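Below: data04.cif (mmCIF, C-alpha atoms)
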data_start
#
loop_
_atom_site.label_atom_id
_atom_site.label_comp_id
_atom_site.auth_asym_id
_atom_site.auth_seq_id
_atom_site.Cartn_x
_atom_site.Cartn_y
_atom_site.Cartn_z
CA MET N 1 46.34 -26.60 -71.34
CA VAL N 2 44.25 -29.74 -71.15
CA PHE N 3 47.36 -31.73 -70.23
CA ILE N 4 48.33 -29.29 -67.44
CA VAL N 5 44.83 -29.28 -65.95
CA GLY N 6 44.78 -33.06 -65.99
CA VAL N 7 48.12 -33.26 -64.17
CA LEU N 8 46.94 -30.84 -61.45
CA ILE N 9 43.73 -32.80 -60.87
CA THR N 10 45.74 -36.03 -60.59
CA LEU N 11 48.10 -34.51 -57.99
CA VAL N 12 45.19 -33.20 -55.89
CA VAL N 13 43.49 -36.59 -55.89
CA LEU N 14 46.68 -38.42 -54.93
CA ASN N 15 47.56 -36.01 -52.09
CA ARG N 16 44.12 -36.02 -50.43
CA LYS N 17 44.08 -37.95 -47.11
CA ASP N 18 40.60 -38.91 -46.02
CA PRO N 19 40.60 -40.34 -42.45
CA ASP N 20 38.60 -43.43 -41.81
CA PRO N 21 35.45 -42.20 -40.08
CA GLY N 22 35.11 -45.49 -38.20
CA PRO N 23 31.89 -46.65 -36.53
CA LEU N 24 29.20 -44.13 -35.61
CA VAL N 25 29.36 -43.05 -31.93
CA VAL N 26 26.16 -41.97 -30.17
CA ALA N 27 26.75 -39.54 -27.26
CA ASP N 28 25.12 -40.39 -23.95
CA ALA N 29 22.88 -37.43 -23.18
CA ARG N 30 22.50 -38.58 -19.59
CA LYS N 31 26.15 -37.82 -18.84
CA LYS N 32 26.27 -34.21 -19.88
CA VAL N 33 29.26 -32.60 -18.22
CA PRO N 34 29.41 -28.81 -18.40
CA ALA N 35 32.55 -27.31 -19.80
CA PRO N 36 34.95 -25.76 -17.31
CA LEU N 37 34.14 -22.31 -18.68
CA GLU N 38 30.38 -22.88 -18.19
CA ARG N 39 30.91 -23.97 -14.57
CA GLU N 40 33.08 -20.94 -13.89
CA VAL N 41 30.48 -18.59 -15.34
CA SER N 42 27.76 -20.23 -13.22
CA GLU N 43 29.73 -19.76 -10.00
CA GLU N 44 30.51 -16.19 -10.91
CA GLY N 45 26.84 -15.56 -11.64
CA ARG N 46 25.88 -16.92 -8.23
CA GLU N 47 28.37 -14.65 -6.49
CA ARG N 48 27.06 -11.68 -8.44
CA PHE N 49 23.54 -12.59 -7.35
CA LEU N 50 24.58 -12.81 -3.70
CA GLU N 51 26.33 -9.46 -3.94
CA GLN N 52 23.87 -7.33 -5.93
CA GLY N 53 21.47 -9.44 -7.99
CA TRP N 54 19.24 -10.38 -5.06
CA LYS N 55 18.21 -6.76 -4.55
CA SER N 56 16.02 -6.52 -7.64
CA GLU N 57 14.39 -9.89 -6.94
CA ALA N 58 13.71 -8.95 -3.30
CA SER N 59 12.21 -5.63 -4.39
CA ASN N 60 9.93 -7.41 -6.87
CA ALA N 61 8.87 -9.96 -4.26
CA LEU N 62 8.14 -7.24 -1.71
CA ALA N 63 6.22 -5.19 -4.27
CA GLY N 64 4.04 -8.20 -5.07
CA PHE N 65 3.30 -8.73 -1.38
CA LEU N 66 2.50 -5.06 -0.71
CA GLN N 67 0.26 -4.77 -3.78
CA ALA N 68 -1.76 -7.85 -2.81
CA ARG N 69 -5.09 -6.85 -1.29
CA SER N 70 -6.23 -10.16 0.20
CA SER N 71 -4.77 -12.82 2.45
CA GLU N 72 -4.89 -15.36 -0.36
CA GLU N 73 -2.89 -13.12 -2.68
CA LYS N 74 -0.37 -12.24 0.02
CA ALA N 75 0.14 -15.89 0.95
CA ARG N 76 1.67 -16.50 -2.48
CA HIS N 77 4.59 -14.25 -1.59
CA VAL N 78 5.40 -15.50 1.94
CA ILE N 79 7.32 -18.45 3.36
CA GLY N 80 4.96 -21.33 4.09
CA GLY N 81 1.98 -19.40 2.74
CA ASP N 82 -0.16 -22.52 2.44
CA VAL N 83 0.36 -23.27 6.14
CA LEU N 84 -0.12 -19.68 7.28
CA MET N 85 -3.21 -18.99 5.17
CA ARG N 86 -5.70 -19.56 8.01
CA GLU N 87 -3.65 -17.48 10.43
CA MET N 88 -3.28 -14.66 7.92
CA GLU N 89 -7.04 -14.56 7.38
CA LYS N 90 -7.59 -14.20 11.12
CA PHE N 91 -4.88 -11.56 11.40
CA TYR N 92 -6.45 -9.39 8.70
CA THR N 93 -10.01 -10.13 9.83
CA GLY N 94 -12.42 -7.23 9.50
CA VAL N 95 -10.37 -5.63 6.72
CA SER N 96 -12.12 -5.83 3.36
CA GLU N 97 -9.01 -4.69 1.47
CA ILE N 98 -5.52 -4.73 2.97
CA ASP N 99 -3.80 -1.40 2.50
CA GLU N 100 0.00 -1.26 2.81
CA SER N 101 0.41 2.27 1.46
CA ASP N 102 1.97 3.44 4.74
CA THR N 103 5.08 1.41 3.91
CA PRO N 104 5.68 1.77 0.15
CA VAL N 105 8.23 -0.50 -1.46
CA ASN N 106 10.38 2.40 -2.68
CA ALA N 107 10.93 3.47 0.94
CA PHE N 108 12.61 0.16 1.83
CA SER N 109 16.38 -0.09 1.73
CA HIS N 110 18.47 -3.17 1.03
CA GLN N 111 20.60 -4.41 3.92
CA GLN N 112 23.65 -6.58 3.29
CA LEU N 113 23.60 -9.51 5.68
CA ASP N 114 26.72 -11.52 6.39
CA ILE N 115 27.90 -13.47 3.35
CA MET N 116 27.27 -16.75 5.18
CA ASP N 117 23.61 -15.82 5.62
CA ARG N 118 23.30 -14.82 1.98
CA ARG N 119 24.77 -18.15 0.93
CA ARG N 120 22.04 -19.78 3.00
CA GLY N 121 19.55 -17.83 0.91
CA LEU N 122 18.65 -15.19 3.54
CA PHE N 123 18.25 -11.53 2.59
CA LEU N 124 16.87 -8.39 4.24
CA MET N 125 15.09 -5.17 3.29
CA ARG N 126 14.29 -2.56 5.90
CA PHE N 127 11.87 0.35 6.28
CA GLU N 128 12.53 3.16 8.74
CA ARG N 129 10.56 6.28 9.51
CA PRO N 130 11.64 8.29 12.57
CA SER N 131 9.13 9.85 14.91
CA GLN N 132 7.57 13.00 13.46
CA LEU N 133 5.15 15.72 14.42
CA LYS N 134 1.66 15.87 12.95
CA MET N 135 1.91 19.40 11.61
CA SER N 136 -1.83 19.53 10.90
CA GLU N 137 -2.42 19.19 14.66
CA PHE N 138 0.58 21.16 15.82
CA PHE N 139 -1.43 24.16 17.06
CA ARG N 140 -1.44 23.63 20.79
CA PRO N 141 -1.50 25.80 23.91
CA VAL N 142 1.74 27.66 24.63
CA ALA N 143 2.99 27.23 28.17
CA PRO N 144 3.98 30.36 30.15
CA LEU N 145 7.71 31.04 30.59
CA GLU N 146 7.54 30.02 34.25
CA ILE N 147 6.41 26.54 33.22
CA GLN N 148 8.82 26.34 30.29
CA HIS N 149 11.77 27.03 32.63
CA ASP N 150 10.47 24.62 35.31
CA LEU N 151 9.77 27.40 37.78
CA LYS N 152 6.14 26.39 38.04
CA GLU N 153 4.28 23.14 37.64
CA PRO N 154 1.70 23.00 34.80
CA GLY N 155 -1.96 22.51 35.66
CA LEU N 156 -3.93 19.43 34.71
CA LEU N 157 -5.62 21.15 31.77
CA LEU N 158 -2.35 22.37 30.28
CA SER N 159 -0.69 19.00 30.87
CA ALA N 160 -3.50 17.21 29.06
CA PHE N 161 -3.64 19.42 25.98
CA SER N 162 -0.14 20.78 25.42
CA THR N 163 2.11 17.75 25.84
CA ARG N 164 4.18 16.88 22.81
CA GLU N 165 3.00 13.29 22.95
CA ARG N 166 -0.44 14.31 21.68
CA PHE N 167 1.03 15.65 18.46
CA ALA N 168 3.80 13.16 17.69
CA MET N 169 3.72 10.33 15.17
CA GLU N 170 5.35 7.13 16.28
CA PRO N 171 8.48 5.79 14.61
CA VAL N 172 7.94 2.91 12.18
CA ARG N 173 10.53 0.25 11.54
CA VAL N 174 9.85 -2.85 9.44
CA MET N 175 12.20 -5.77 8.85
CA ALA N 176 11.41 -7.72 5.68
CA PHE N 177 13.46 -10.91 5.61
CA PHE N 178 13.47 -13.08 2.51
CA LYS N 179 14.39 -16.71 2.06
CA GLU N 180 15.29 -18.31 -1.25
CA GLU N 181 13.07 -21.29 -2.02
CA GLU N 182 12.88 -23.08 -5.38
CA GLY N 183 14.64 -20.27 -7.17
CA LYS N 184 12.54 -17.38 -5.86
CA LEU N 185 12.54 -15.14 -2.79
CA LEU N 186 9.69 -15.37 -0.28
CA LEU N 187 8.92 -12.96 2.57
CA ASP N 188 9.02 -13.98 6.24
CA TRP N 189 5.53 -12.80 7.21
CA LYS N 190 6.04 -13.42 10.94
CA VAL N 191 8.91 -10.95 11.39
CA TYR N 192 7.27 -8.49 9.00
CA THR N 193 4.03 -8.25 10.99
CA GLN N 194 5.71 -8.36 14.40
CA THR N 195 7.94 -5.39 13.61
CA LYS N 196 5.46 -3.32 11.56
CA TYR N 197 2.56 -3.59 13.98
CA ARG N 198 4.63 -3.67 17.20
CA ILE N 199 2.97 -6.95 18.25
CA PHE N 200 5.66 -7.72 20.82
CA LYS N 201 5.23 -4.29 22.43
CA HIS N 202 1.45 -4.67 22.67
CA PHE N 203 1.87 -8.07 24.29
CA ILE N 204 4.34 -7.04 26.99
CA ASN N 205 2.49 -3.80 27.79
CA THR N 206 -0.98 -5.33 28.10
CA PRO N 207 -1.25 -7.84 30.96
CA ARG N 208 -3.74 -10.56 30.14
CA PRO N 209 -3.54 -13.55 32.51
CA GLY N 210 -3.33 -16.77 30.56
CA ALA N 211 -2.59 -15.09 27.21
CA GLY N 212 0.48 -16.22 25.30
CA GLY N 213 2.23 -16.03 21.99
CA VAL N 214 5.32 -16.87 19.93
CA PHE N 215 7.80 -14.07 19.26
CA ARG N 216 11.10 -13.47 17.51
CA VAL N 217 13.41 -11.70 19.96
CA MET N 218 16.98 -10.85 20.85
CA ILE N 219 18.09 -12.29 24.20
CA ARG N 220 20.85 -11.21 26.57
CA GLU N 221 21.46 -11.72 30.26
CA THR N 222 20.82 -8.66 32.39
CA LEU N 223 20.78 -7.62 36.01
CA PRO N 224 17.55 -8.31 37.92
CA VAL N 225 15.00 -5.52 38.14
CA THR N 226 14.65 -5.73 41.92
CA LYS N 227 17.52 -4.68 44.15
CA THR N 228 17.23 -7.83 46.24
CA GLY N 229 17.39 -10.13 43.25
CA THR N 230 20.66 -11.69 42.13
CA ASN N 231 21.85 -13.89 39.32
CA THR N 232 22.96 -17.04 41.09
CA ASN N 233 23.14 -20.76 40.56
CA ALA N 234 19.39 -20.96 41.31
CA GLY N 235 18.19 -18.67 38.53
CA ARG N 236 19.09 -15.85 36.18
CA THR N 237 17.42 -12.87 34.53
CA PHE N 238 17.33 -12.27 30.80
CA SER N 239 16.19 -9.34 28.68
CA LEU N 240 14.03 -10.07 25.63
CA SER N 241 13.75 -7.29 23.06
CA ASP N 242 12.15 -6.84 19.67
CA PRO N 243 14.73 -7.17 16.85
CA ALA N 244 13.65 -3.85 15.31
CA PHE N 245 12.86 -1.84 18.47
CA ALA N 246 15.48 -2.21 21.18
CA ARG N 247 13.30 -0.33 23.66
CA ASP N 248 10.46 -2.81 23.33
CA GLN N 249 11.88 -5.17 25.92
CA VAL N 250 10.91 -7.18 28.95
CA THR N 251 12.95 -9.03 31.58
CA VAL N 252 12.13 -12.58 32.62
CA SER N 253 13.61 -14.76 35.34
CA VAL N 254 14.27 -18.44 34.69
CA LEU N 255 15.39 -21.26 36.96
CA ASN N 256 18.66 -22.86 36.00
CA ASP N 257 17.36 -26.40 36.48
CA GLU N 258 14.47 -25.91 34.05
CA LEU N 259 14.92 -26.51 30.34
CA PRO N 260 14.68 -22.83 29.28
CA GLY N 261 17.23 -21.90 31.93
CA ARG N 262 19.61 -24.62 30.83
CA ILE N 263 19.31 -23.52 27.21
CA LEU N 264 19.91 -19.86 28.05
CA SER N 265 22.90 -20.77 30.20
CA GLU N 266 24.92 -20.34 27.00
CA LEU N 267 24.35 -16.59 27.35
CA ALA N 268 25.10 -16.38 31.08
CA TRP N 269 28.01 -14.07 31.90
CA ILE N 270 27.24 -12.20 35.15
CA ASN N 271 29.52 -13.36 37.98
CA ILE N 272 31.14 -15.87 35.63
CA PRO N 273 34.87 -15.34 35.03
CA ASP N 274 36.18 -15.28 31.45
CA ARG N 275 32.72 -14.74 29.95
CA ARG N 276 31.31 -11.58 28.43
CA ASP N 277 27.83 -10.37 27.60
CA GLN N 278 26.41 -11.38 24.25
CA ASN N 279 23.17 -11.19 22.29
CA ARG N 280 21.52 -13.98 20.43
CA TYR N 281 18.41 -14.21 18.29
CA ALA N 282 15.78 -16.77 19.21
CA THR N 283 12.14 -17.70 18.79
CA VAL N 284 10.39 -18.04 22.16
CA ARG N 285 6.97 -18.76 23.59
CA LEU N 286 5.81 -16.32 26.28
CA SER N 287 2.69 -16.16 28.44
CA TRP N 288 1.15 -14.08 31.19
CA THR N 289 0.82 -15.93 34.51
CA ASN N 290 -2.53 -16.36 36.25
CA ALA N 291 -1.24 -14.93 39.56
CA SER N 292 -2.89 -11.91 41.19
CA GLU N 293 0.02 -9.83 39.91
CA SER N 294 0.40 -11.32 36.46
CA GLN N 295 3.92 -11.47 35.07
CA ILE N 296 5.42 -12.62 31.81
CA HIS N 297 6.80 -16.15 31.90
CA LEU N 298 9.21 -17.76 29.44
CA ASP N 299 7.51 -21.04 28.56
CA GLU N 300 9.82 -22.32 25.86
CA VAL N 301 12.86 -21.52 23.77
CA ILE N 302 11.59 -22.94 20.49
CA CYS N 303 14.82 -22.47 18.56
CA TRP N 304 17.84 -20.28 18.05
CA GLU N 305 17.42 -17.85 15.15
CA PHE N 306 14.00 -17.02 13.71
CA LEU N 307 11.65 -19.96 13.24
CA GLY N 308 10.93 -20.64 9.58
CA LEU N 309 13.73 -18.36 8.42
CA GLY N 310 17.07 -19.64 9.67
CA GLY N 311 15.95 -21.66 12.69
CA GLU N 312 14.34 -25.05 13.06
CA ALA N 313 12.19 -26.03 16.02
CA GLY N 314 14.26 -27.93 18.56
CA ASN N 315 17.74 -26.75 17.54
CA ALA N 316 18.16 -25.17 20.99
CA ASP N 317 17.35 -28.36 22.94
CA LEU N 318 20.23 -29.85 24.89
CA LEU N 319 21.44 -33.29 23.83
CA GLY N 320 18.34 -33.77 21.72
CA GLU N 321 15.97 -33.39 24.67
CA ASP N 322 12.36 -32.64 23.79
CA VAL N 323 10.71 -29.54 25.15
CA ALA N 324 8.40 -30.45 27.99
CA GLY N 325 4.88 -31.05 26.76
CA GLU N 326 5.84 -30.93 23.08
CA PRO N 327 6.12 -33.93 20.76
CA ALA N 328 9.49 -34.65 19.20
CA SER N 329 7.95 -34.32 15.75
CA ARG N 330 7.79 -30.56 16.22
CA LYS N 331 11.53 -30.36 15.75
CA SER N 332 11.15 -30.79 12.03
CA ALA N 333 8.33 -28.27 11.72
CA SER N 334 9.06 -24.90 10.21
CA PHE N 335 5.95 -23.20 11.58
CA ALA N 336 3.65 -23.42 14.56
CA PRO N 337 0.20 -23.10 12.95
CA GLU N 338 -1.56 -23.04 16.31
CA GLU N 339 0.10 -19.82 17.46
CA PRO N 340 -2.31 -17.29 18.99
CA ILE N 341 -3.55 -14.69 16.54
CA ASN N 342 -2.77 -11.04 17.14
CA PRO N 343 -5.06 -9.01 14.87
CA VAL N 344 -3.96 -5.79 13.28
CA SER N 345 -4.14 -2.95 15.77
CA ILE N 346 -3.34 0.75 15.85
CA ARG N 347 0.33 1.23 16.53
CA GLU N 348 1.18 3.08 19.72
CA GLY N 349 4.39 5.05 19.66
CA GLU N 350 6.87 6.54 22.02
CA PRO N 351 7.20 10.15 20.90
CA GLY N 352 10.73 11.38 20.71
CA GLU N 353 12.14 7.86 20.61
CA GLU N 354 15.56 7.84 19.07
CA ILE N 355 16.35 5.14 16.56
CA PRO N 356 18.62 2.69 18.40
CA PRO N 357 21.43 1.05 16.51
CA GLY N 358 19.92 -1.88 14.66
CA PRO N 359 21.30 -5.38 14.53
CA ILE N 360 21.94 -5.02 10.81
CA GLY N 361 24.64 -2.81 9.31
CA ASP N 362 23.17 -0.02 7.19
CA GLU N 363 23.93 -0.14 3.50
CA GLY N 364 26.26 2.62 2.47
CA GLY N 365 27.23 3.30 6.08
CA PRO N 366 29.70 1.83 8.48
CA ASP N 367 29.51 -1.91 8.67
CA ARG N 368 28.30 -3.10 12.05
CA SER N 369 28.27 -6.73 11.09
CA GLY N 370 30.74 -7.58 13.77
CA GLY N 371 28.75 -5.90 16.49
CA GLY N 372 27.90 -2.41 17.62
CA GLU N 373 26.78 -0.52 20.65
CA ASP N 374 23.31 -0.55 22.10
CA GLU N 375 21.40 2.40 23.49
CA GLU N 376 23.28 2.27 26.76
CA GLY N 377 26.69 2.07 25.16
CA ASN N 378 27.14 -1.63 25.86
CA GLU N 379 28.99 -3.53 23.21
CA GLU N 380 26.84 -6.01 21.36
CA SER N 381 27.86 -9.25 19.78
CA PRO N 382 24.68 -10.71 18.29
CA LYS N 383 24.61 -14.21 16.87
CA GLY N 384 22.43 -14.30 13.81
CA PRO N 385 19.23 -15.37 12.66
CA VAL N 386 20.94 -13.94 10.45
CA ALA N 387 24.35 -12.99 11.54
CA PRO N 388 23.90 -9.27 11.36
#

Starting from the file, lay out its structure as structure tokens.
Amino acid sequence: MVFIVGVLITLVVLNRKDPDPGPLVVADARKKVPAPLEREVSEEGRERFLEQGWKSEASNALAGFLQARSSEEKARHVIGGDVLMREMEKFYTGVSEIDESDTPVNAFSHQQLDIMDRRRGLFLMRFERPSQLKMSEFFRPVAPLEIQHDLKEPGLLLSAFSTRERFAMEPVRVMAFFKEEEGKLLLDWKVYTQTKYRIFKHFINTPRPGAGGVFRVMIRETLPVTKTGTNTNAGRTFSLSDPAFARDQVTVSVLNDELPGRILSELAWINIPDRRDQNRYATVRLSWTNASESQIHLDEVICWEFLGLGGEAGNADLLGEDVAGEPASRKSASFAPEEPINPVSIREGEPGEEIPPGPIGDEGGPDRSGGGEDEEGNEESPKGPVAP
């Protein structure tokens, strides 16, 4: 037995092949190349985020903004909060504690923007509440049958106290855009406040000579308001509307030889063969003229798309031309900190207003990303801030 064990040990020793380990090699940690499988998983994870993952992060970001009770706290959740801090304090002036309970986060829905916008890090949540009746104040005078059937005109007293407008709540529509910065989503405060508080509507409905402001709008060429006016080589008329409320709109006339007119010539289609009407998002500067009959004037097309979200100041200028009166350095700015402040005001509604088709396709519904129809049945073909 001892002899057999010795023979087996000898055979094992002779048959073992130990490779020469050679010199010690130290791996260069600076040249760490991910394995193909790791890269594939990373790309797949990014696509999953763009498809569904962004929704939870956007909801968390919006919840943090809505729960914040001061301008300083809210600024942490918005794009360029450090730059907008002073403006936000003026906007919320007179409010000891900011209350956003009228638009709770669970009432917002996620809207799928075009995949190209999502790859740019742009996302959207939307709040909608149609016009309603204040049931607590619904007890109103009942008009006689003659008045109900238009056989008799109502008196002044009945007109003042029984109209539906006195008992209707306005529709509310809020667009909450988010932009991905340094791995987290931040809210575009400008579009949020403009749509929630109807700032554009208040501006165009309240003539104030010399007053001005910067607004995010949708632009399209339209027919002049006056019968004698025409869209010619001298000038054209354009309709500017709020991105969330299509009925909040105003028409402005621009001269073709001025910079705004030359920029908007891209949208001109009336009396031009082989061109069709189209919409485009832009950030513009408007003002009321100082004439006896004050009118709204288009001072500047700051950029295509929404400034600070997908647009950069100056991207609408032709051949790199600077906007008159503005330094070239503004082209690289993401915000205009000297914009006039529009403080929070009571929203004024249009009772019975139907919800017009929005520029963004509704989640779970038919996709309108390629265009839709506006209130008047005209086909729309908006070009993004966000390519809706």

Item to complete: Pick out the closest residue to Trp304 of chain N from this set: N:Asp150, N:Glu128, N:Glu47, N:Glu266. Count only C-alpha atoms.
Response: N:Glu266

Item to complete: Quick one: pull the distance between atom CA of Val105 of chain N and atom CA of Leu66 of chain N, Å, one decimal.
Response: 7.4 Å

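Taking atom CA of Lys196 of chain N and atom CA of Glu182 of chain N as the two end points, the separation is 27.1 Å.
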
Item to complete: Find the residues near segment 90-104 of chain N: any atom within 10 Å, counting all atoms listed in the file, skip ones fewer than 2 places away on the same chain, and give them as JSON, numbers by chain.
Response: {"N": [62, 63, 65, 66, 67, 68, 69, 70, 71, 74, 85, 86, 87, 88, 106, 107, 108, 127, 128, 129, 172, 173, 174, 193, 196, 340, 341, 342, 343, 344, 345]}

Worksheet entry | Top pick for closest residue to Leu185 of chain N, considering N:Ser294, N:Leu124, N:Gln112, N:Ser239 and counting only C-alpha atoms | N:Leu124

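Distances from N:Ser42, N:Ile296, N:Pro144, N:Ser287 to Thr251 of chain N were compared using all atoms listed in the file, and the smallest one belongs to N:Ile296.
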
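One distance worth recording is that between atom CA of Phe238 of chain N and atom CA of Ser253 of chain N, which is 6.4 Å.
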
Discussion item. I'd like the neighbourhood of Asp242 of chain N as a ChimeraX atom specification, where a residue qualifies if any of its atoms comes within 8 Å (using only C-alpha atoms), though same-chain residues fewer than 3 positions away should be ignored.
Written reply: /N:195,200-201,216-218,245-249

Quick one: everything within 12 Å of Glu51 of chain N, counting only C-alpha atoms, minus sequence neighbours fewer than 6 positions away in the same chain. Send it as a tab-separated table (two decimals) with C-alpha atoms, keeping the file's coordinate frame.
chain	number	residue	atom	x	y	z
N	44	GLU	CA	30.51	-16.19	-10.91
N	45	GLY	CA	26.84	-15.56	-11.64
N	110	HIS	CA	18.47	-3.17	1.03
N	111	GLN	CA	20.60	-4.41	3.92
N	112	GLN	CA	23.65	-6.58	3.29
N	113	LEU	CA	23.60	-9.51	5.68
N	114	ASP	CA	26.72	-11.52	6.39
N	115	ILE	CA	27.90	-13.47	3.35
N	116	MET	CA	27.27	-16.75	5.18
N	117	ASP	CA	23.61	-15.82	5.62
N	118	ARG	CA	23.30	-14.82	1.98
N	119	ARG	CA	24.77	-18.15	0.93
N	121	GLY	CA	19.55	-17.83	0.91
N	123	PHE	CA	18.25	-11.53	2.59

Worksheet item: Which protein, DNA or RNA residues are at most 12 Å from (18.4, -23.9, 36.5) in the file's coordinates when you count all atoms listed in the file, listed as a list of chain:residue names?
Response: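 Every residue inside that radius is included here: N:Asn231, N:Thr232, N:Asn233, N:Ala234, N:Gly235, N:Arg236, N:Thr237, N:Ser253, N:Val254, N:Leu255, N:Asn256, N:Asp257, N:Glu258, N:Leu259, N:Pro260, N:Gly261, N:Arg262, N:Ile263, N:Leu264, N:Ser265, N:Ala268.
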
Worksheet entry | Result set, the PyMOL selection byres ((chain N and resi 277) around 8) on current file, as a list of chain:residue names |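 Output from the PyMOL selection byres ((chain N and resi 277) around 8), applied to this file: N:Arg220, N:Glu221, N:Leu267, N:Ala268, N:Trp269, N:Ile270, N:Arg275, N:Arg276, N:Gln278, N:Asn279, N:Glu380, N:Ser381.
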
Worksheet item: When distances are computed from all atoms listed in the file, which of N:Tyr197, N:Phe203, N:Phe177, N:Trp54 shows the smallest separation from Ile79 of chain N?
Response: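 The answer is N:Phe177, which sits nearest to Ile79 of chain N.
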
Fill in: Pick from N:Gly308, N:Pro224, N:Glu153, N:Glu293 nearest to Val83 of chain N, counting only C-alpha atoms
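Looking only at the distances to Val83 of chain N, the closest residue turns out to be N:Gly308.
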
Residues in the PyMOL selection byres ((chain N and resi 207) around 8), expressed as an mmCIF file with C-alpha atoms, keeping the file's coordinate frame:
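Result file result.cif:
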data_model
loop_
_atom_site.group_PDB
_atom_site.id
_atom_site.type_symbol
_atom_site.label_atom_id
_atom_site.label_comp_id
_atom_site.auth_asym_id
_atom_site.auth_seq_id
_atom_site.Cartn_x
_atom_site.Cartn_y
_atom_site.Cartn_z
ATOM 1 C CA PHE N 203 1.870 -8.070 24.290
ATOM 2 C CA ILE N 204 4.340 -7.040 26.990
ATOM 3 C CA ASN N 205 2.490 -3.800 27.790
ATOM 4 C CA THR N 206 -0.980 -5.330 28.100
ATOM 5 C CA ARG N 208 -3.740 -10.560 30.140
ATOM 6 C CA PRO N 209 -3.540 -13.550 32.510
ATOM 7 C CA TRP N 288 1.150 -14.080 31.190
ATOM 8 C CA SER N 294 0.400 -11.320 36.460
ATOM 9 C CA GLN N 295 3.920 -11.470 35.070
#

Worksheet item: For Ser292 of chain N, which residue out of N:Val252, N:Val7, N:Gly210, N:Pro243 is the nearest one, using all atoms listed in the file?
Response: N:Gly210
